[in-house]
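The next block holds one structure in the form of structure tokens; read it before the comments.
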Amino acid sequence: MMELETRVYHKQSKKSFFNLLRDSLKDIFNSRFLSRQLAERDIKAQYRQSYFGLLWALITPLATAAVWIFLNLSGTVQVTDTGMPYPIYAFSGTLIWSIITEAIHSPMRSTSAARRMLSKINFPKEALIISGLYKLLFNSAIKIVLLFVFIYLLGIGFHLSQLLFPVIILAALLVGTTLGLFITPIGLLYNDIAKIITMGLTFIMYITPVVYAIPETGPMKSLMQLNPFTPIIVTLRDLLTGNSPQFMSYFIGLIVVSIPLFCLGLILYRISIPIITERSNA
């Protein structure tokens, strides 16, 4: 008589923080092809039915910068000395600000757009985060090229510090995506969150040196100096013009704090998204 095999099933123990982080990073690496495919699909869909196509990637920041340049030249808005041609000041500020804000919105938008796929296919959810970053980098690439064209046309020229420009872009993506990872689970449950975030970022823009220089005195100076987005924007401009970075200590500290928060955000995203997807389909 054949003896049957006996199996004993034990309750699966909860994974530690580091195990969850390891699994999340492993899935990011293993799903790199899927991330690229998702990004290519979305980019093609974004511009397929658009008459101007890729020009829309330029129109928005150019239009925003042009408005502020016009207001400054007409005297409607008085801006203190920026230390560089104001067109470069305004365009660089709106460029890096758009990267930060898009990085904040990216995880929620990518995940929300893939809800139907999440409910039908089991795949690494982290692929949605990376695909969103791919799309953001693609849309920002043309703007970055145009910024450097302005730099050389308006007489700033080349400085060795400009080679560190990618570091600032990565810092903007890190900080923005970290905030986005914490916002995404709540935003998927309540649609109002996306609108609140958009309104909040509009307000924060006016206490960030995007189009205004930091005042020499007053409460606005303190607000701008404490603003965590300020070191990213100011350091970008300092590197572009070859000046010594004013907020380097703050910038480094921001990166040091953002890295563990990003890891925590990844784990929160990994745990919460399957639960939210299941409840949405219940």
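Labels used: A, B, ... for chains in the order of the structure tokens, numbers from 1 for residues in each chain, and numbers from 1 for ligands as shown.
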
(message) Residues within 12 Å of Ile214 (chain A), please, as a VMD selection string. Count only C-alpha atoms; anything in the same chain fewer than 6 positions from it doesn't count.
(response) chain A and resid 79 to 83 206 to 208 220 to 227 230 to 231 233 to 234 246

(message) Write out as number ranges by chain the set of residues from region 39-263 of chain A that DSSP, computed on the backbone, places in helix (DSSP H, G or I).
(response) A: 39-48, 53-73, 86-113, 115-120, 126-153, 160-189, 192-205, 219-226, 230-241, 248-263

(request) Would you please work out which residue, of A:Leu170, A:Met199, A:Ile232, A:Leu261, is nearest to Phe247 (chain A) when using only C-alpha atoms? (result) A:Ile232

Find the nearest atom pair between each residue of region 89-166 of chain A and region 174-192 of chain A for residues within 6 Å, count only C-alpha atoms, give distances in Å to one decimal, sort rows by chain and ascending number, and present the table as JSON lines.
```
{"residue": "A:Ile100", "atom": "CA", "partner": "A:Gly176", "partner_atom": "CA", "distance": 5.0}
{"residue": "A:Ala103", "atom": "CA", "partner": "A:Gly176", "partner_atom": "CA", "distance": 4.7}
{"residue": "A:Ile104", "atom": "CA", "partner": "A:Gly180", "partner_atom": "CA", "distance": 4.2}
{"residue": "A:His105", "atom": "CA", "partner": "A:Gly180", "partner_atom": "CA", "distance": 5.9}
{"residue": "A:Pro107", "atom": "CA", "partner": "A:Gly180", "partner_atom": "CA", "distance": 5.9}
{"residue": "A:Met108", "atom": "CA", "partner": "A:Thr184", "partner_atom": "CA", "distance": 4.7}
```

Would you export the selected residues with all heavy atoms as a short mmCIF file (atom, residue, chain, number, x, y, z; two decimals), in the first residue's frame, please?
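Heads up, here's the output in result22.cif:
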```cif
data_model
loop_
_atom_site.label_atom_id
_atom_site.label_comp_id
_atom_site.auth_asym_id
_atom_site.auth_seq_id
_atom_site.Cartn_x
_atom_site.Cartn_y
_atom_site.Cartn_z
N ILE A 100 9.70 68.42 -10.52
CA ILE A 100 9.35 68.06 -9.15
C ILE A 100 7.87 67.74 -9.04
O ILE A 100 7.48 66.71 -8.48
CB ILE A 100 9.73 69.20 -8.18
CG1 ILE A 100 11.26 69.37 -8.12
CG2 ILE A 100 9.18 68.92 -6.78
CD1 ILE A 100 11.70 70.59 -7.32
N ALA A 103 6.91 64.57 -10.80
CA ALA A 103 7.39 63.40 -10.05
C ALA A 103 6.47 63.11 -8.87
O ALA A 103 6.27 61.94 -8.51
CB ALA A 103 8.82 63.64 -9.56
N ILE A 104 5.91 64.15 -8.26
CA ILE A 104 4.97 63.95 -7.16
C ILE A 104 3.70 63.28 -7.66
O ILE A 104 3.18 62.35 -7.03
CB ILE A 104 4.64 65.30 -6.49
CG1 ILE A 104 5.89 65.85 -5.78
CG2 ILE A 104 3.49 65.15 -5.49
CD1 ILE A 104 5.72 67.25 -5.21
N HIS A 105 3.19 63.72 -8.79
CA HIS A 105 1.95 63.18 -9.33
C HIS A 105 2.14 61.83 -10.03
O HIS A 105 1.17 61.07 -10.18
CB HIS A 105 1.34 64.15 -10.34
CG HIS A 105 0.73 65.37 -9.72
ND1 HIS A 105 -0.40 65.32 -8.94
CD2 HIS A 105 1.10 66.69 -9.77
CE1 HIS A 105 -0.71 66.54 -8.53
NE2 HIS A 105 0.18 67.39 -9.02
N PRO A 107 3.52 58.68 -9.54
CA PRO A 107 3.10 57.35 -9.04
C PRO A 107 1.59 57.18 -9.00
O PRO A 107 1.07 56.12 -9.36
CB PRO A 107 3.71 57.30 -7.63
CG PRO A 107 4.85 58.26 -7.67
CD PRO A 107 4.42 59.37 -8.58
N MET A 108 0.88 58.23 -8.57
CA MET A 108 -0.58 58.13 -8.48
C MET A 108 -1.22 58.04 -9.86
O MET A 108 -2.14 57.25 -10.08
CB MET A 108 -1.14 59.33 -7.70
CG MET A 108 -2.64 59.26 -7.48
SD MET A 108 -3.21 60.34 -6.16
CE MET A 108 -2.55 61.92 -6.68
#
```

(message) Excluding Glu126 (chain A) and its own-chain neighbours fewer than 6 positions away, which residues fall within 12 Å of it when counting only C-alpha atoms? Please give them as a ChimeraX atom specification.
(response) /A:21,23-32,34-35,38,107-108,110-111,114,118,132-133,181,265-274

(message) Calculated over only C-alpha atoms, which of the candidates A:Ile130, A:Ile99, A:Ile156, A:Ile121 has the smallest distance to Thr241 (chain A)?
(response) A:Ile156

(message) Here is a test: counting only C-alpha atoms, which residue of A:Leu239, A:Ile255, A:Ile142, A:Leu137 is nearest to Ala39 (chain A)?
(response)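 Answer, going by the shortest atom-to-atom distance: A:Leu137.
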
(message) What's around region 139-141 of chain A at 8 Å? Count only C-alpha atoms, leave out sequence neighbours fewer than 3 positions away in its own chain, and write the answer as a list in words.
(response) Ala57, Leu95, Ile99, Lys135, Leu136, Ile144 and Val145 of chain A

Export of the given selection (C-alpha atoms) as a tab-separated table (two decimals), in the first residue's frame:
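out_12.tsv was written with the following content:
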```
chain	number	residue	atom	x	y	z
A	57	ALA	CA	6.61	69.27	-24.12
A	95	LEU	CA	11.66	73.56	-15.71
A	99	ILE	CA	9.95	68.02	-12.91
A	135	LYS	CA	7.84	59.22	-19.23
A	136	LEU	CA	8.82	62.18	-17.08
A	144	ILE	CA	16.64	70.53	-20.78
A	145	VAL	CA	18.22	70.82	-24.23
```

(message) From the options A:Leu154, A:Ala90, A:Leu236, A:Val210, which residue's atoms come nearest to Phe70 (chain A), counting only C-alpha atoms?
(response) A:Ala90
